[in-house]
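So the structure is just underneath, and the comments pick up after that.
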Amino acid sequence: MGATDGRNSRSPLQPTKTAELLLDFVNTRPIDGRPERLADAGTTAEWLVTCGLAPEGTLTTEADAASARELRDALATVMLAHAGGVDGTDSSLAEAERLLRRAGTLYPLAPVVTADGSSLVSPQTGVAGALGTLLAAAADLARQDGWARLKACRNPPCHLGFYDRTRNSSAAYCGSGCGSQVSMRAYRSRLKAT
């Protein structure tokens, strides 16, 4: 399964299918009272099948579920950095990038070159192939200059993954509600300080 979309007819302010896939993956975390969607082997298998990353009946173990959560959390940390919520001196970002490099060796990708362009695909099958496809999606987005538009909301209780549709790629929150909450907390903090 490849991680490509039509590239030339789309506005950069609209997410690609690969961006939507990565956001769905990152948003499997328990956010806003929603349950953990990769809690165990069963829920992980269900998510992979629902997203079309693995066929029905794919053997999924608890170790696979843990690997999926580790990859997801590393991607979420990088997306939070895209929103300015983590900087280059933060050890969590360095750890996330280390985990992503490790994932790249565990789930290698192969280039596929055609007359229409090129893409990266996972030569593996099963859960390893599915996780490789998610890495291929991130690599393809980076190649298309869309990677930095995938962000995680800077509002600490939220951290929902979102696609930044602003022209200057300056969004830091998933919506105005989270932006307002952060502004209100900052205002209250300033009041207490005076």
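Identifiers for the structure tokens are assigned positionally: chains receive A, B, ... in sequence, residues are indexed from 1 per chain, and ligands are indexed from 1 in the order shown.
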Report task. From chain A, collect each residue whose DSSP state is strand (DSSP E or B) and return the set as a VMD selection string. Result -> chain A and resid 2 110 to 114 117 to 121 150 to 152 161 to 163
Report task. Can you list, as number ranges by chain, all residues belonging to chain A that DSSP tags as helix (DSSP H, G or I)? Result -> A: 17-26, 41-50, 62-82, 91-106, 126-143, 147-149, 176-193
Query - Distance query A:Glu56 at most 9 Å, only C-alpha atoms, self and fewer than 3 positions along chain excluded, as a PyMOL selection string - result: chain A and resi 45-46+48-50
Requested in this report: Please identify all polymer residues within 6 Å of stretch 174-180 of chain A, counting only C-alpha atoms, omitting same-chain residues fewer than 6 positions from it, and present them as a ChimeraX atom specification.
Outcome: /A:153,155,162
Check which residues of stretch 34-109 of chain A sit at most 8 Å from stretch 127-137 of chain A using only C-alpha atoms, and return one row each with the closest pair of atoms and their distance in Å to one decimal, ordered by chain and rising number, as a tab-separated table.
residue	atom	partner	partner_atom	distance
A:Leu48	CA	A:Ala130	CA	7.3
A:Leu53	CA	A:Ala130	CA	5.1
A:Ala54	CA	A:Ala130	CA	6.3
A:Thr58	CA	A:Val127	CA	7.5
A:Leu59	CA	A:Val127	CA	7.7
A:Thr60	CA	A:Val127	CA	6.7
A:Asp64	CA	A:Val127	CA	6.8
A:Ala68	CA	A:Leu131	CA	7.0
A:Leu71	CA	A:Leu131	CA	8.0
A:Gly104	CA	A:Leu135	CA	7.4
A:Leu106	CA	A:Ala128	CA	7.9
A:Tyr107	CA	A:Gly132	CA	4.8
A:Pro108	CA	A:Gly132	CA	6.6
A:Leu109	CA	A:Gly132	CA	6.6
Write the residues of the selection above to a file with N, CA and C atoms, as a CSV table (one decimal), in the first residue's frame.
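Everything below was put into result.csv:
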chain,number,residue,atom,x,y,z
A,48,LEU,N,-6.5,-0.6,12.4
A,48,LEU,CA,-5.7,-0.8,11.2
A,48,LEU,C,-6.6,-1.3,10.0
A,53,LEU,N,-5.3,-0.2,6.4
A,53,LEU,CA,-3.9,-0.4,6.5
A,53,LEU,C,-3.5,-1.9,6.6
A,54,ALA,N,-4.5,-2.7,7.0
A,54,ALA,CA,-4.3,-4.2,7.1
A,54,ALA,C,-5.6,-4.9,6.8
A,58,THR,N,-5.7,-9.9,10.2
A,58,THR,CA,-4.3,-9.7,10.4
A,58,THR,C,-3.9,-10.0,11.8
A,59,LEU,N,-2.9,-10.8,12.0
A,59,LEU,CA,-2.5,-11.2,13.4
A,59,LEU,C,-1.8,-9.9,14.0
A,60,THR,N,-2.4,-9.5,15.2
A,60,THR,CA,-1.9,-8.4,15.9
A,60,THR,C,-1.6,-8.8,17.3
A,64,ASP,N,2.7,-5.5,19.1
A,64,ASP,CA,2.4,-4.7,18.0
A,64,ASP,C,1.6,-3.4,18.4
A,68,ALA,N,2.7,0.4,17.9
A,68,ALA,CA,1.9,1.4,17.3
A,68,ALA,C,1.7,2.6,18.2
A,71,LEU,N,5.0,4.7,18.1
A,71,LEU,CA,5.1,5.4,16.9
A,71,LEU,C,4.2,6.6,16.9
A,104,GLY,N,12.2,3.7,11.5
A,104,GLY,CA,12.6,3.7,10.1
A,104,GLY,C,13.5,2.5,9.9
A,106,LEU,N,13.1,-0.4,11.7
A,106,LEU,CA,12.2,-1.6,11.9
A,106,LEU,C,11.2,-1.7,10.8
A,107,TYR,N,10.8,-0.6,10.2
A,107,TYR,CA,9.8,-0.7,9.1
A,107,TYR,C,10.4,0.0,7.9
A,108,PRO,N,11.3,-0.6,7.2
A,108,PRO,CA,12.0,0.1,6.1
A,108,PRO,C,11.0,0.3,4.9
A,109,LEU,N,11.4,1.3,4.1
A,109,LEU,CA,10.5,1.7,3.0
A,109,LEU,C,11.3,1.5,1.7
Query raised in the report: Using only C-alpha atoms, which residues sit within 10 Å of A:Leu75 once same-chain residues fewer than 5 positions away are excluded, as a PyMOL selection string?
Result: chain A and resi 22-23+25-26+69-70+80-81+93+96-97+99-100+134-135+138+150-152+161
Requested in this report: Pick out the residues sitting within 7 Å of A:Leu13, and hand them over as a list in words; count only C-alpha atoms, and ignore anything fewer than 4 positions along from it in its own chain.
Outcome: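 Close residues of A:Leu13: Arg165, Thr166 and Arg167 of chain A.
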Requested in this report: For atom CA of A:Arg34 and atom CA of A:Arg188, determine how far apart the two atoms are, in Å to one decimal place.
Outcome: 28.3 Å
Query raised in the report: Restricting the calculation to only C-alpha atoms, which member of A:Leu141, A:Asp164, A:Ala76, A:Pro55 is positioned closest to A:Thr125?
Result: A:Pro55
Query raised in the report: Looking at only C-alpha atoms, which of A:Glu36, A:Leu120, A:Ala63, A:Ala103 is the one that sits closest to A:Ala142?
Result: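 Closest candidate: A:Leu120.
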Requested in this report: Return the single residue from A:Ile31, A:Ala139, A:Asp87, A:Asp145 that is closest to A:Ala110, with distances computed using only C-alpha atoms.
Outcome: A:Ala139
Query - From A:Gln144, A:Cys158, A:Thr77, A:His82, residue lying nearest A:Ala171 [only C-alpha atoms] - result: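 Counting only C-alpha atoms, the residue closest to A:Ala171 is A:His82.
Compared by their closest atoms to A:His159, and using only C-alpha atoms, the residues A:Ala94, A:Ala193, A:Ala172, A:Ala115 rank with A:Ala172 nearest.
Remark: for A:Trp147, the closest of the candidate residues A:Ala66, A:Gln14, A:Cys51, A:Ala19 is A:Ala19 (distances computed over only C-alpha atoms).
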